[in-house]
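Asks: Shown below is the structure under consideration.
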Amino acid sequence: MIQRSRTVSTAQNGAELGAHGTGLLPVAAYDNDYTEREAAWHWHRELELIRVAEGRLRVLLPGEQVLLNSGELLFINSGVMHAAANGGEGACLLHSVVFLPEFLCNGTEGIFWRKYLGPLVENAALPSVRFPGGGAHTAQALAYMDRFWEACREEPFGYEFLLREQLSGVLRLLAAGSAEAPPPASPRRRREDERVKVMLAYIQENYASEITARTLAAQASISESECLRCFRGVLGTTPIQYVKKYRLQMAADLLTATDCAVTEIALRCGFAHMSYFARAFRELFGLTPREYRRRAAGEPQQT
């Protein structure tokens, strides 16, 4: 049941495409290697638990950055925009679990939803919760995750009960306030988040075309200066910097997933000049596009 890392793709509204798990079992477990890859900004209705197995992970949330060390755990709430990348110099390995809250209860009318899950999922002021290293509650949460992972790997008879039991244990700790929650976001910050979601959706749908700060501002019905302020405040970058990096990440995906020529990929990703594309790609990934493709294919590097 445990799956390997996958590229995050999103719909027009920025929501992640692709189901996590199945309709019968809406939970998925992933072995992720973020040593040399990133997850672009996205969101999903499912809840997510991220455990760092080795190295350091940098998780970006609207207006904040969370650095997770090995042995730490992060909960990301439903509908929260987030991105992730290696937060250190060496390997960055992690386990993530993505699941619908309904997996832990029998609908929204029962006690489990009304008393525990509903208040958690519907709390717009609680985008994430961190279980820091060394704490007793963190050790308890990690033990739940260990048993969850073992059930995923072995799939013994009735393992579905075990999956729900372990995830329920972590959620019980969250409901009891046994981890570190960030300060609640202000109404202004939540409004900025929604505006940025609209602008990200436009970028993800139109990244091959010319995009300016004025174009993005029009999508959210705000001024150009407000667009710049929202991007700085929520994502910590400028619109143009974000567009450039997003295009390069899409190009990297095409280099590994297709046999298209490098020049064709550059054009499909919004780069009109090959020299600029090659230079920008190397600045971000430390390799030329062709070197990146050869290494992804397991081919020896040319010297």
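So you can find residues: chains in the structure tokens are A, B, ... in the order shown, residues in each start at 1, and ligands are numbered from 1 in order.
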Once DSSP has gone over the backbone, tell me which residues of segment 56-169 of chain A are in strand (DSSP E or B), as a PyMOL selection string.

Replies: chain A and resi 56-61+64-69+73-76+82-86+93-99+128-131

Asks: Please give the complete set of residues from segment 33-181 of chain A that DSSP, run on the backbone, assigns to helix (DSSP H, G or I), formatted as an mmCIF file with C-alpha atoms, in the first residue's frame.

Replies:
data_model
loop_
_atom_site.group_PDB
_atom_site.id
_atom_site.type_symbol
_atom_site.label_atom_id
_atom_site.label_comp_id
_atom_site.auth_asym_id
_atom_site.auth_seq_id
_atom_site.Cartn_x
_atom_site.Cartn_y
_atom_site.Cartn_z
ATOM 1 C CA PRO A 101 -11.417 12.831 7.776
ATOM 2 C CA GLU A 102 -14.511 10.716 7.061
ATOM 3 C CA PHE A 103 -12.252 7.653 7.180
ATOM 4 C CA LEU A 104 -12.193 8.017 10.967
ATOM 5 C CA ILE A 111 -20.123 12.060 18.058
ATOM 6 C CA PHE A 112 -16.672 11.626 16.518
ATOM 7 C CA TRP A 113 -17.296 14.320 13.920
ATOM 8 C CA ARG A 114 -19.213 16.713 16.138
ATOM 9 C CA LYS A 115 -16.880 16.528 19.120
ATOM 10 C CA TYR A 116 -13.465 15.961 17.556
ATOM 11 C CA LEU A 117 -13.047 15.995 13.777
ATOM 12 C CA GLY A 118 -15.486 18.758 12.876
ATOM 13 C CA PRO A 119 -13.989 21.359 15.240
ATOM 14 C CA LEU A 120 -10.522 20.451 13.951
ATOM 15 C CA VAL A 121 -11.243 20.424 10.204
ATOM 16 C CA ALA A 136 6.337 12.797 25.398
ATOM 17 C CA HIS A 137 3.318 13.438 23.183
ATOM 18 C CA THR A 138 5.554 13.430 20.103
ATOM 19 C CA ALA A 139 6.904 10.014 21.096
ATOM 20 C CA GLN A 140 3.331 8.789 21.466
ATOM 21 C CA ALA A 141 2.355 10.179 18.051
ATOM 22 C CA LEU A 142 5.425 8.609 16.418
ATOM 23 C CA ALA A 143 4.515 5.246 17.955
ATOM 24 C CA TYR A 144 1.092 5.517 16.317
ATOM 25 C CA MET A 145 2.799 6.337 13.012
ATOM 26 C CA ASP A 146 5.160 3.355 13.357
ATOM 27 C CA ARG A 147 2.247 0.974 13.834
ATOM 28 C CA PHE A 148 0.382 2.612 10.959
ATOM 29 C CA TRP A 149 3.401 2.148 8.673
ATOM 30 C CA GLU A 150 3.829 -1.464 9.707
ATOM 31 C CA ALA A 151 0.167 -2.182 8.932
ATOM 32 C CA CYS A 152 0.564 -0.496 5.523
ATOM 33 C CA ARG A 153 3.663 -2.522 4.721
ATOM 34 C CA GLU A 154 2.456 -5.934 5.933
ATOM 35 C CA TYR A 159 -5.271 -4.034 8.575
ATOM 36 C CA GLU A 160 -7.901 -1.419 7.699
ATOM 37 C CA PHE A 161 -8.950 -1.449 11.377
ATOM 38 C CA LEU A 162 -5.331 -0.923 12.370
ATOM 39 C CA LEU A 163 -4.935 2.037 10.006
ATOM 40 C CA ARG A 164 -7.987 3.770 11.404
ATOM 41 C CA GLU A 165 -6.979 2.997 14.987
ATOM 42 C CA GLN A 166 -3.500 4.551 14.635
ATOM 43 C CA LEU A 167 -4.701 7.660 12.793
ATOM 44 C CA SER A 168 -7.435 8.089 15.400
ATOM 45 C CA GLY A 169 -4.720 8.022 18.063
ATOM 46 C CA VAL A 170 -2.843 10.900 16.439
ATOM 47 C CA LEU A 171 -6.060 12.881 15.963
ATOM 48 C CA ARG A 172 -6.942 12.321 19.622
ATOM 49 C CA LEU A 173 -3.630 13.916 20.600
ATOM 50 C CA LEU A 174 -4.385 16.851 18.316
ATOM 51 C CA ALA A 175 -7.857 17.296 19.784
#

Asks: Can you list, as an NGL selection string, every protein, DNA or RNA residue that comes within 7 Å of segment 217-219 of chain A when you count only C-alpha atoms, leaving out same-chain residues fewer than 6 positions away?

Replies: :A and (198-199 or 227)

Asks: Could you write out the selected residues, including C-alpha atoms, as a tab-separated table (two decimals), in the first residue's frame?

Replies:
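File written: selection.tsv
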chain	number	residue	atom	x	y	z
A	198	VAL	CA	-7.04	32.49	-7.04
A	199	MET	CA	-3.79	33.82	-8.50
A	227	CYS	CA	-0.93	41.57	-5.57

Asks: Let me make sure I understand: among A:Leu60, A:Val262, A:Val129, A:Ile50, which one has the smallest atom-to-atom distance to Ser275 of chain A if we use only C-alpha atoms?

Replies: A:Val262

Asks: Give me, please, the distance in Å between atom CA of Ile265 of chain A and atom CA of Phe285 of chain A, quoted to one decimal.

Replies: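 Between atom CA of Ile265 of chain A and atom CA of Phe285 of chain A the gap works out to 15.9 Å.
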
Asks: Find the residues near Phe75 of chain A: any atom within 8 Å, counting only C-alpha atoms, skip ones fewer than 5 places away on the same chain, and give them as a list in words.

Replies: Leu47, Glu48, Leu49, Ile50, Ser128, Val129 and Arg130 of chain A
